[in-house]
$ cat input-v6.pdb   # PDB, C-alpha atoms and all ligand atoms
ATOM      1  CA  MET A   1      66.473  20.957  73.332
ATOM      2  CA  VAL A   2      68.913  19.543  70.814
ATOM      3  CA  GLY A   3      72.646  20.092  70.953
ATOM      4  CA  HIS A   4      75.203  20.953  68.316
ATOM      5  CA  PHE A   5      77.486  18.630  66.387
ATOM      6  CA  ILE A   6      80.806  20.227  65.434
ATOM      7  CA  THR A   7      83.566  18.333  63.636
ATOM      8  CA  PHE A   8      87.310  18.967  63.306
ATOM      9  CA  GLU A   9      89.071  17.899  60.129
ATOM     10  CA  GLY A  10      92.462  18.116  58.462
ATOM     11  CA  GLY A  11      95.635  16.260  57.616
ATOM     12  CA  GLU A  12      98.228  14.951  60.032
ATOM     13  CA  GLY A  13      99.918  17.483  62.324
ATOM     14  CA  ALA A  14      97.385  20.255  61.707
ATOM     15  CA  GLY A  15      96.958  20.715  65.493
ATOM     16  CA  LYS A  16      93.225  20.025  65.493
ATOM     17  CA  THR A  17      93.298  17.645  68.484
ATOM     18  CA  SER A  18      95.093  20.160  70.755
ATOM     19  CA  ILE A  19      92.811  22.984  69.632
ATOM     20  CA  LEU A  20      89.752  20.806  70.235
ATOM     21  CA  LYS A  21      90.847  20.235  73.854
ATOM     22  CA  ALA A  22      91.565  23.948  74.366
ATOM     23  CA  LEU A  23      88.186  24.881  72.895
ATOM     24  CA  GLU A  24      86.423  22.431  75.214
ATOM     25  CA  LYS A  25      88.062  24.112  78.235
ATOM     26  CA  SER A  26      87.061  27.600  77.094
ATOM     27  CA  LEU A  27      83.472  26.610  76.324
ATOM     28  CA  VAL A  28      83.090  24.885  79.706
ATOM     29  CA  ILE A  29      84.317  28.077  81.415
ATOM     30  CA  ASP A  30      81.649  29.973  79.447
ATOM     31  CA  GLY A  31      79.032  27.589  80.869
ATOM     32  CA  TYR A  32      78.374  25.425  77.805
ATOM     33  CA  ASP A  33      77.662  21.703  78.222
ATOM     34  CA  VAL A  34      80.365  20.127  76.035
ATOM     35  CA  ILE A  35      81.779  16.693  75.307
ATOM     36  CA  THR A  36      84.750  15.816  73.117
ATOM     37  CA  THR A  37      85.206  12.606  71.217
ATOM     38  CA  ARG A  38      87.078  11.180  68.258
ATOM     39  CA  GLU A  39      86.860   8.985  65.195
ATOM     40  CA  PRO A  40      87.636   6.274  64.690
ATOM     41  CA  GLY A  41      86.971   5.492  68.360
ATOM     42  CA  GLY A  42      85.288   7.367  71.189
ATOM     43  CA  ILE A  43      83.590   4.247  72.581
ATOM     44  CA  GLU A  44      84.815   0.714  73.284
ATOM     45  CA  ILE A  45      83.637  -1.031  70.102
ATOM     46  CA  ALA A  46      84.883   1.763  67.826
ATOM     47  CA  GLU A  47      88.232   1.960  69.664
ATOM     48  CA  LYS A  48      88.647  -1.758  68.949
ATOM     49  CA  ILE A  49      87.909  -1.154  65.267
ATOM     50  CA  ARG A  50      90.441   1.716  65.405
ATOM     51  CA  ASP A  51      93.124  -0.676  66.661
ATOM     52  CA  VAL A  52      92.444  -2.995  63.726
ATOM     53  CA  ILE A  53      92.504  -0.190  61.131
ATOM     54  CA  LEU A  54      95.538   1.691  62.382
ATOM     55  CA  ASN A  55      97.756  -1.193  63.476
ATOM     56  CA  PRO A  56     101.027  -0.574  61.557
ATOM     57  CA  THR A  57     101.480  -4.341  60.996
ATOM     58  CA  HIS A  58      98.207  -4.594  59.015
ATOM     59  CA  THR A  59      99.916  -3.661  55.766
ATOM     60  CA  SER A  60      97.778  -6.051  53.685
ATOM     61  CA  MET A  61      94.517  -4.233  54.466
ATOM     62  CA  ASP A  62      92.476  -3.675  51.329
ATOM     63  CA  ALA A  63      91.327  -0.081  50.662
ATOM     64  CA  ARG A  64      87.628  -1.041  50.618
ATOM     65  CA  THR A  65      87.999  -3.016  53.846
ATOM     66  CA  GLU A  66      89.577   0.094  55.365
ATOM     67  CA  ALA A  67      86.695   2.300  54.159
ATOM     68  CA  LEU A  68      84.076  -0.148  55.493
ATOM     69  CA  LEU A  69      85.774  -0.380  58.882
ATOM     70  CA  TYR A  70      85.822   3.420  59.242
ATOM     71  CA  ALA A  71      82.129   3.505  58.322
ATOM     72  CA  ALA A  72      81.341   0.731  60.824
ATOM     73  CA  ALA A  73      83.199   2.544  63.621
ATOM     74  CA  ARG A  74      81.363   5.747  62.634
ATOM     75  CA  ARG A  75      77.945   4.082  62.829
ATOM     76  CA  GLN A  76      78.500   2.636  66.288
ATOM     77  CA  HIS A  77      80.003   5.860  67.643
ATOM     78  CA  LEU A  78      77.130   7.910  66.228
ATOM     79  CA  VAL A  79      74.328   5.826  67.710
ATOM     80  CA  GLU A  80      76.041   5.026  70.992
ATOM     81  CA  LYS A  81      77.614   8.365  71.854
ATOM     82  CA  VAL A  82      76.947  11.315  69.546
ATOM     83  CA  LEU A  83      73.177  11.131  69.092
ATOM     84  CA  PRO A  84      72.382  10.489  72.795
ATOM     85  CA  ALA A  85      74.594  13.460  73.787
ATOM     86  CA  LEU A  86      72.878  15.718  71.247
ATOM     87  CA  GLU A  87      69.469  14.630  72.523
ATOM     88  CA  LYS A  88      70.581  15.818  75.967
ATOM     89  CA  GLY A  89      71.391  19.222  74.468
ATOM     90  CA  LYS A  90      75.181  18.882  74.603
ATOM     91  CA  ILE A  91      77.703  20.394  72.243
ATOM     92  CA  VAL A  92      79.677  17.516  70.709
ATOM     93  CA  LEU A  93      83.179  18.365  69.474
ATOM     94  CA  CYS A  94      84.316  15.463  67.332
ATOM     95  CA  ASP A  95      87.860  14.894  66.075
ATOM     96  CA  ARG A  96      87.138  13.729  62.477
ATOM     97  CA  PHE A  97      83.949  12.451  60.836
ATOM     98  CA  ILE A  98      82.765  11.612  57.303
ATOM     99  CA  ASP A  99      84.991  14.191  55.557
ATOM    100  CA  SER A 100      88.016  12.156  56.686
ATOM    101  CA  SER A 101      86.666   9.121  54.828
ATOM    102  CA  LEU A 102      85.926  11.206  51.730
ATOM    103  CA  ALA A 103      89.443  12.705  51.775
ATOM    104  CA  TYR A 104      91.535   9.687  52.825
ATOM    105  CA  GLN A 105      89.658   6.710  51.363
ATOM    106  CA  GLY A 106      87.654   8.443  48.639
ATOM    107  CA  TYR A 107      90.300  10.718  47.185
ATOM    108  CA  ALA A 108      93.778   9.781  48.446
ATOM    109  CA  ARG A 109      93.203   6.002  48.227
ATOM    110  CA  GLY A 110      91.329   6.512  44.953
ATOM    111  CA  LEU A 111      88.057   4.754  45.858
ATOM    112  CA  GLY A 112      86.069   7.791  44.714
ATOM    113  CA  MET A 113      84.463  10.392  46.958
ATOM    114  CA  ASP A 114      80.951   9.568  45.704
ATOM    115  CA  GLU A 115      81.430   5.844  46.270
ATOM    116  CA  VAL A 116      82.749   6.391  49.783
ATOM    117  CA  TYR A 117      79.915   8.812  50.488
ATOM    118  CA  GLN A 118      77.438   6.051  49.491
ATOM    119  CA  ILE A 119      78.742   3.509  52.007
ATOM    120  CA  ASN A 120      78.859   6.195  54.666
ATOM    121  CA  GLU A 121      75.319   7.229  53.936
ATOM    122  CA  PHE A 122      74.304   3.717  55.037
ATOM    123  CA  ALA A 123      76.121   4.390  58.323
ATOM    124  CA  ILE A 124      74.958   7.935  59.040
ATOM    125  CA  GLU A 125      71.490   7.991  57.405
ATOM    126  CA  GLY A 126      71.860  11.606  56.320
ATOM    127  CA  PHE A 127      73.088  12.882  59.669
ATOM    128  CA  MET A 128      75.751  15.563  59.107
ATOM    129  CA  PRO A 129      77.643  18.059  61.306
ATOM    130  CA  GLU A 130      76.236  21.570  61.557
ATOM    131  CA  ILE A 131      79.690  23.019  61.225
ATOM    132  CA  THR A 132      83.070  21.553  60.278
ATOM    133  CA  LEU A 133      86.436  23.208  60.831
ATOM    134  CA  PHE A 134      89.061  22.318  58.253
ATOM    135  CA  PHE A 135      92.528  22.862  59.742
ATOM    136  CA  ASP A 136      94.485  23.843  56.688
ATOM    137  CA  ILE A 137      98.231  23.274  56.709
ATOM    138  CA  LYS A 138     100.694  22.209  54.029
ATOM    139  CA  PRO A 139     101.284  18.449  54.413
ATOM    140  CA  GLU A 140     105.071  18.772  54.610
ATOM    141  CA  ILE A 141     104.730  21.183  57.542
ATOM    142  CA  GLY A 142     102.161  18.960  59.280
ATOM    143  CA  LEU A 143     104.330  15.875  58.848
ATOM    144  CA  LYS A 144     107.354  17.726  60.264
ATOM    145  CA  ARG A 145     105.261  18.664  63.296
ATOM    146  CA  ILE A 146     104.229  15.068  64.005
ATOM    147  CA  ALA A 147     107.798  13.830  63.531
ATOM    148  CA  LYS A 148     108.822  16.198  66.343
ATOM    149  CA  ASN A 149     105.994  15.044  68.653
ATOM    150  CA  LYS A 150     107.571  12.146  70.565
ATOM    151  CA  ASP A 151     104.349  11.337  72.505
ATOM    152  CA  ARG A 152     102.390  10.598  69.361
ATOM    153  CA  GLU A 153     102.051   6.947  68.399
ATOM    154  CA  GLN A 154     102.780   6.329  64.735
ATOM    155  CA  ASN A 155      99.806   4.736  62.956
ATOM    156  CA  ARG A 156      99.488   2.836  59.670
ATOM    157  CA  LEU A 157      98.342   5.918  57.733
ATOM    158  CA  ASP A 158     101.266   8.010  58.991
ATOM    159  CA  LEU A 159     103.493   5.592  57.107
ATOM    160  CA  GLU A 160     102.066   6.746  53.760
ATOM    161  CA  GLN A 161     104.288   8.852  51.508
ATOM    162  CA  LEU A 162     104.060  12.653  51.214
ATOM    163  CA  LYS A 163     102.133  12.242  47.929
ATOM    164  CA  PHE A 164      99.272  10.533  49.792
ATOM    165  CA  HIS A 165      99.072  13.353  52.355
ATOM    166  CA  GLU A 166      99.125  15.919  49.541
ATOM    167  CA  LYS A 167      96.110  14.209  48.023
ATOM    168  CA  VAL A 168      94.338  14.302  51.401
ATOM    169  CA  HIS A 169      95.016  18.051  51.553
ATOM    170  CA  GLU A 170      93.752  18.543  47.999
ATOM    171  CA  ALA A 171      90.586  16.621  48.863
ATOM    172  CA  TYR A 172      89.831  18.811  51.887
ATOM    173  CA  GLN A 173      90.209  21.897  49.716
ATOM    174  CA  LYS A 174      87.717  20.434  47.233
ATOM    175  CA  LEU A 175      85.298  19.610  50.051
ATOM    176  CA  ALA A 176      85.580  23.139  51.478
ATOM    177  CA  ILE A 177      84.638  24.529  48.061
ATOM    178  CA  LYS A 178      81.792  22.028  47.638
ATOM    179  CA  PHE A 179      80.235  22.658  51.074
ATOM    180  CA  PRO A 180      80.955  26.335  51.834
ATOM    181  CA  GLU A 181      77.939  26.664  54.138
ATOM    182  CA  ARG A 182      79.217  23.873  56.418
ATOM    183  CA  ILE A 183      83.021  23.784  56.149
ATOM    184  CA  TYR A 184      85.099  26.665  57.532
ATOM    185  CA  ARG A 185      88.772  26.842  56.661
ATOM    186  CA  VAL A 186      91.087  27.582  59.586
ATOM    187  CA  ASN A 187      94.628  28.699  58.784
ATOM    188  CA  ALA A 188      96.544  26.178  60.914
ATOM    189  CA  ASN A 189      99.952  27.501  59.897
ATOM    190  CA  GLN A 190     100.005  30.022  62.763
ATOM    191  CA  THR A 191     100.932  29.781  66.449
ATOM    192  CA  MET A 192      98.609  27.615  68.540
ATOM    193  CA  ASP A 193      97.479  30.691  70.514
ATOM    194  CA  VAL A 194      96.306  32.448  67.362
ATOM    195  CA  VAL A 195      94.572  29.354  65.960
ATOM    196  CA  GLU A 196      92.925  28.712  69.327
ATOM    197  CA  LYS A 197      91.593  32.275  69.482
ATOM    198  CA  ASN A 198      90.275  32.169  65.906
ATOM    199  CA  VAL A 199      88.520  28.869  66.496
ATOM    200  CA  TYR A 200      87.022  30.057  69.789
ATOM    201  CA  ASN A 201      85.625  33.228  68.157
ATOM    202  CA  LEU A 202      84.222  31.282  65.238
ATOM    203  CA  ILE A 203      82.454  28.712  67.401
ATOM    204  CA  VAL A 204      81.120  31.200  69.951
ATOM    205  CA  ASN A 205      79.687  33.330  67.127
ATOM    206  CA  PHE A 206      78.126  30.215  65.626
ATOM    207  CA  LEU A 207      76.578  29.188  68.967
ATOM    208  CA  LYS A 208      75.272  32.698  69.636
ATOM    209  CA  ALA A 209      73.720  32.864  66.163
ATOM    210  CA  LYS A 210      72.029  29.514  66.782
ATOM    211  CA  ALA A 211      70.709  30.694  70.163
ATOM    212  CA  ASP A 212      69.045  33.798  68.647
TER     213      ASP A 212
HETATM  214  P1  LIG B 301      94.164  10.584  64.216
HETATM  215  O1  LIG B 301      93.441  10.133  65.434
HETATM  216  O2  LIG B 301      95.603  10.845  64.410
HETATM  217  O3  LIG B 301      93.477  11.645  63.475
HETATM  218  O4  LIG B 301      94.286   9.254  63.310
HETATM  219  C1  LIG B 301      93.292   8.711  62.606
HETATM  220  C2  LIG B 301      93.818   8.332  61.256
HETATM  221  O5  LIG B 301      92.764   7.722  60.535
HETATM  222  C3  LIG B 301      94.299   9.525  60.447
HETATM  223  O6  LIG B 301      95.421   9.131  59.682
HETATM  224  C4  LIG B 301      93.142   9.785  59.499
HETATM  225  C5  LIG B 301      92.560   8.427  59.309
HETATM  226  N1  LIG B 301      91.131   8.392  59.003
HETATM  227  C6  LIG B 301      90.734   7.968  57.745
HETATM  228  O7  LIG B 301      91.562   7.645  56.907
HETATM  229  N2  LIG B 301      89.395   7.898  57.477
HETATM  230  C7  LIG B 301      88.435   8.210  58.399
HETATM  231  O8  LIG B 301      87.236   8.141  58.116
HETATM  232  C8  LIG B 301      88.870   8.664  59.709
HETATM  233  C9  LIG B 301      87.861   9.044  60.733
HETATM  234  C10 LIG B 301      90.226   8.735  59.958
END
$ encode --input "input-v6.pdb" --output "structure tokens" --more "lines below"
Ligand code: TMP
Amino acid sequence: MVGHFITFEGGEGAGKTSILKALEKSLVIDGYDVITTREPGGIEIAEKIRDVILNPTHTSMDARTEALLYAAARRQHLVEKVLPALEKGKIVLCDRFIDSSLAYQGYARGLGMDEVYQINEFAIEGFMPEITLFFDIKPEIGLKRIAKNKDREQNRLDLEQLKFHEKVHEAYQKLAIKFPERIYRVNANQTMDVVEKNVYNLIVNFLKAKAD
């Protein structure tokens, strides 16, 4: 039996990480075999690459270097963690995947979504999520949320101006239009309880449909 690969996407402060953890709990209670993971990171080598990419002192990092490092972390994480879990029939909930690179490096950094897709294709060899949730929130609201969250470590990309985050948001909207069969928009500008419930219903319906 093969599992299911589900990815969570969105700008900063959209709440996707908290919702991902809540969804994991609910699915485990329902008896599903679930793991959660994140990009960049999720395994030792990719967490080390994450430290290099997101270190706030690495201000001289070139945009293409950044894109290549995300793709490298993605490759290692995919082969070392995601694919083996799927082969065991697990549901893998992953905080970010290729759409983040398309939105942040391809569109907001201006490298081009097609160009960034090409280097990622080398890393993922056509492997894509079955379903992607796009947590949609206005960047200024998301950034206000993360400013209030004292536990959150500030990373190099958080230091970008509002304009950059607006471009990220625009890119996700374009991606949602381009891949309507894969990307589901979640209104993240609601209370966490409501978002959590919506996401749970969406995923359970998806899993039931797949089981039929
Ligand atoms: P997060 O763990 O808070 O989501 O932080 C990861 C940061 O890295 C976030 O600012 C989004 C960014 N990112 C990219 O720019 N490209 C990528 O491919 C991925 C996975 C993340």
$ residues_near_ligand --input "input-v6.pdb" --ligand "ligand LIG 301 (chain B)" --cutoff "10 Å" --atoms "all atoms listed in the file" --output "PyMOL selection string"
chain A and resi 8-17+38-41+50+53-54+63+66-74+94-106+108-109+116+120+146+152-160+165+168
$ closest_residue --input "input-v6.pdb" --among "A:Glu196, A:Glu80, A:Glu170, A:Asp30" --to "Pro139 in chain A" --atoms "all atoms listed in the file"
A:Glu170
$ closest_residue --input "input-v6.pdb" --among "A:Lys90, A:Pro56, A:Thr191, A:Arg75" --to "Phe122 in chain A" --atoms "all atoms listed in the file"
A:Arg75
$ residues_around --input "input-v6.pdb" --residues "Phe5 in chain A" --least-positions-apart "2" --cutoff "7 Å" --atoms "only C-alpha atoms" --output "PyMOL selection string"
chain A and resi 3+7+91-93+129-130
$ atom_distance --input "input-v6.pdb" --atom1 "CA of His169 in chain A" --atom2 "CA of Ile119 in chain A"
21.8 Å
$ closest_residue --input "input-v6.pdb" --among "A:Leu78, A:Ile43, A:Ala171, A:Ile141" --to "Gly126 in chain A" --atoms "only C-alpha atoms"
A:Leu78
$ atom_distance --input "input-v6.pdb" --atom1 "CA of Asn55 in chain A" --atom2 "CA of Leu133 in chain A"
27.0 Å
$ closest_residue --input "input-v6.pdb" --among "A:Gln173, A:Asn189, A:Met61, A:Tyr184" --to "Leu202 in chain A" --atoms "all atoms listed in the file"
A:Tyr184
$ closest_residue --input "input-v6.pdb" --among "A:Ile49, A:Leu27, A:Ile131, A:Ile19" --to "Phe206 in chain A" --atoms "all atoms listed in the file"
A:Ile131
$ atom_distance --input "input-v6.pdb" --atom1 "CA of Asp136 in chain A" --atom2 "CA of Ala85 in chain A"
28.2 Å
$ residues_around --input "input-v6.pdb" --residues "Ala176 in chain A" --least-positions-apart "6" --cutoff "9 Å" --atoms "only C-alpha atoms" --output "ChimeraX atom specification"
/A:134,182-185
$ closest_residue --input "input-v6.pdb" --among "A:Gly42, A:Asp33, A:Met192, A:Ile137" --to "Gln76 in chain A" --atoms "only C-alpha atoms"
A:Gly42
$ axis_aligned_box --input "input-v6.pdb" --around "range 50-55 of chain A" --padding-each-side "6 Å" --output "lines of an AutoDock Vina configuration file"
center_x = 94.1
center_y = -0.6
center_z = 63.9
size_x = 19.3
size_y = 16.7
size_z = 17.5
$ build_atoms --input "input-v6.pdb" --residues "range 140-151 of chain A" --atoms "all heavy atoms" --output "PDB file, in the frame of the given file"
ATOM      1  N   GLU A 140     103.673  18.946  54.163  1.00  0.00           N
ATOM      2  CA  GLU A 140     105.071  18.772  54.610  1.00  0.00           C
ATOM      3  C   GLU A 140     105.312  19.438  55.967  1.00  0.00           C
ATOM      4  O   GLU A 140     106.104  18.947  56.775  1.00  0.00           O
ATOM      5  CB  GLU A 140     106.108  19.218  53.570  1.00  0.00           C
ATOM      6  CG  GLU A 140     106.028  20.670  53.164  1.00  0.00           C
ATOM      7  CD  GLU A 140     105.236  20.861  51.871  1.00  0.00           C
ATOM      8  OE1 GLU A 140     104.201  20.169  51.708  1.00  0.00           O
ATOM      9  OE2 GLU A 140     105.624  21.693  51.035  1.00  0.00           O
ATOM     10  N   ILE A 141     104.585  20.528  56.231  1.00  0.00           N
ATOM     11  CA  ILE A 141     104.730  21.183  57.542  1.00  0.00           C
ATOM     12  C   ILE A 141     104.063  20.326  58.622  1.00  0.00           C
ATOM     13  O   ILE A 141     104.624  20.105  59.696  1.00  0.00           O
ATOM     14  CB  ILE A 141     104.129  22.614  57.518  1.00  0.00           C
ATOM     15  CG1 ILE A 141     104.857  23.456  56.463  1.00  0.00           C
ATOM     16  CG2 ILE A 141     104.198  23.271  58.891  1.00  0.00           C
ATOM     17  CD1 ILE A 141     104.285  24.843  56.261  1.00  0.00           C
ATOM     18  N   GLY A 142     102.877  19.818  58.321  1.00  0.00           N
ATOM     19  CA  GLY A 142     102.161  18.960  59.280  1.00  0.00           C
ATOM     20  C   GLY A 142     102.968  17.716  59.619  1.00  0.00           C
ATOM     21  O   GLY A 142     103.073  17.331  60.788  1.00  0.00           O
ATOM     22  N   LEU A 143     103.561  17.105  58.608  1.00  0.00           N
ATOM     23  CA  LEU A 143     104.330  15.875  58.848  1.00  0.00           C
ATOM     24  C   LEU A 143     105.590  16.165  59.662  1.00  0.00           C
ATOM     25  O   LEU A 143     105.991  15.353  60.503  1.00  0.00           O
ATOM     26  CB  LEU A 143     104.684  15.186  57.517  1.00  0.00           C
ATOM     27  CG  LEU A 143     103.486  14.613  56.748  1.00  0.00           C
ATOM     28  CD1 LEU A 143     103.906  14.073  55.393  1.00  0.00           C
ATOM     29  CD2 LEU A 143     102.774  13.509  57.533  1.00  0.00           C
ATOM     30  N   LYS A 144     106.174  17.344  59.454  1.00  0.00           N
ATOM     31  CA  LYS A 144     107.354  17.726  60.264  1.00  0.00           C
ATOM     32  C   LYS A 144     106.938  17.883  61.725  1.00  0.00           C
ATOM     33  O   LYS A 144     107.659  17.485  62.630  1.00  0.00           O
ATOM     34  CB  LYS A 144     107.949  19.048  59.748  1.00  0.00           C
ATOM     35  CG  LYS A 144     109.016  18.804  58.698  1.00  0.00           C
ATOM     36  CD  LYS A 144     109.712  20.092  58.310  1.00  0.00           C
ATOM     37  CE  LYS A 144     110.408  19.901  56.962  1.00  0.00           C
ATOM     38  NZ  LYS A 144     110.407  21.096  56.136  1.00  0.00           N
ATOM     39  N   ARG A 145     105.761  18.475  61.924  1.00  0.00           N
ATOM     40  CA  ARG A 145     105.261  18.664  63.296  1.00  0.00           C
ATOM     41  C   ARG A 145     105.079  17.323  64.001  1.00  0.00           C
ATOM     42  O   ARG A 145     105.477  17.167  65.151  1.00  0.00           O
ATOM     43  CB  ARG A 145     103.889  19.361  63.269  1.00  0.00           C
ATOM     44  CG  ARG A 145     103.956  20.856  63.194  1.00  0.00           C
ATOM     45  CD  ARG A 145     102.541  21.368  63.454  1.00  0.00           C
ATOM     46  NE  ARG A 145     102.413  22.786  63.215  1.00  0.00           N
ATOM     47  CZ  ARG A 145     101.244  23.418  63.179  1.00  0.00           C
ATOM     48  NH1 ARG A 145     100.126  22.752  63.345  1.00  0.00           N
ATOM     49  NH2 ARG A 145     101.191  24.710  62.966  1.00  0.00           N
ATOM     50  N   ILE A 146     104.473  16.341  63.301  1.00  0.00           N
ATOM     51  CA  ILE A 146     104.229  15.068  64.005  1.00  0.00           C
ATOM     52  C   ILE A 146     105.530  14.294  64.218  1.00  0.00           C
ATOM     53  O   ILE A 146     105.665  13.570  65.187  1.00  0.00           O
ATOM     54  CB  ILE A 146     103.140  14.158  63.350  1.00  0.00           C
ATOM     55  CG1 ILE A 146     103.500  13.736  61.929  1.00  0.00           C
ATOM     56  CG2 ILE A 146     101.790  14.788  63.396  1.00  0.00           C
ATOM     57  CD1 ILE A 146     102.572  12.642  61.401  1.00  0.00           C
ATOM     58  N   ALA A 147     106.499  14.504  63.343  1.00  0.00           N
ATOM     59  CA  ALA A 147     107.798  13.830  63.531  1.00  0.00           C
ATOM     60  C   ALA A 147     108.470  14.330  64.810  1.00  0.00           C
ATOM     61  O   ALA A 147     109.183  13.587  65.484  1.00  0.00           O
ATOM     62  CB  ALA A 147     108.683  14.077  62.320  1.00  0.00           C
ATOM     63  N   LYS A 148     108.215  15.601  65.140  1.00  0.00           N
ATOM     64  CA  LYS A 148     108.822  16.198  66.343  1.00  0.00           C
ATOM     65  C   LYS A 148     108.101  15.770  67.624  1.00  0.00           C
ATOM     66  O   LYS A 148     108.665  15.835  68.704  1.00  0.00           O
ATOM     67  CB  LYS A 148     108.731  17.734  66.251  1.00  0.00           C
ATOM     68  CG  LYS A 148     109.893  18.348  65.499  1.00  0.00           C
ATOM     69  CD  LYS A 148     109.869  19.849  65.736  1.00  0.00           C
ATOM     70  CE  LYS A 148     110.462  20.584  64.547  1.00  0.00           C
ATOM     71  NZ  LYS A 148     109.829  21.856  64.288  1.00  0.00           N
ATOM     72  N   ASN A 149     106.807  15.373  67.484  1.00  0.00           N
ATOM     73  CA  ASN A 149     105.994  15.044  68.653  1.00  0.00           C
ATOM     74  C   ASN A 149     106.278  13.602  69.104  1.00  0.00           C
ATOM     75  O   ASN A 149     105.723  12.648  68.581  1.00  0.00           O
ATOM     76  CB  ASN A 149     104.508  15.226  68.301  1.00  0.00           C
ATOM     77  CG  ASN A 149     103.608  15.009  69.493  1.00  0.00           C
ATOM     78  OD1 ASN A 149     104.049  14.573  70.552  1.00  0.00           O
ATOM     79  ND2 ASN A 149     102.328  15.303  69.305  1.00  0.00           N
ATOM     80  N   LYS A 150     107.115  13.477  70.114  1.00  0.00           N
ATOM     81  CA  LYS A 150     107.571  12.146  70.565  1.00  0.00           C
ATOM     82  C   LYS A 150     106.451  11.338  71.245  1.00  0.00           C
ATOM     83  O   LYS A 150     106.508  10.116  71.293  1.00  0.00           O
ATOM     84  CB  LYS A 150     108.745  12.292  71.545  1.00  0.00           C
ATOM     85  CG  LYS A 150     109.964  13.000  70.944  1.00  0.00           C
ATOM     86  CD  LYS A 150     110.856  12.034  70.164  1.00  0.00           C
ATOM     87  CE  LYS A 150     112.007  12.710  69.472  1.00  0.00           C
ATOM     88  NZ  LYS A 150     111.640  13.513  68.293  1.00  0.00           N
ATOM     89  N   ASP A 151     105.424  12.040  71.787  1.00  0.00           N
ATOM     90  CA  ASP A 151     104.349  11.337  72.505  1.00  0.00           C
ATOM     91  C   ASP A 151     103.354  10.679  71.550  1.00  0.00           C
ATOM     92  O   ASP A 151     102.553   9.848  71.955  1.00  0.00           O
ATOM     93  CB  ASP A 151     103.543  12.325  73.382  1.00  0.00           C
ATOM     94  CG  ASP A 151     104.417  12.923  74.459  1.00  0.00           C
ATOM     95  OD1 ASP A 151     105.406  12.261  74.817  1.00  0.00           O
ATOM     96  OD2 ASP A 151     104.120  14.049  74.916  1.00  0.00           O
TER      97      ASP A 151
END
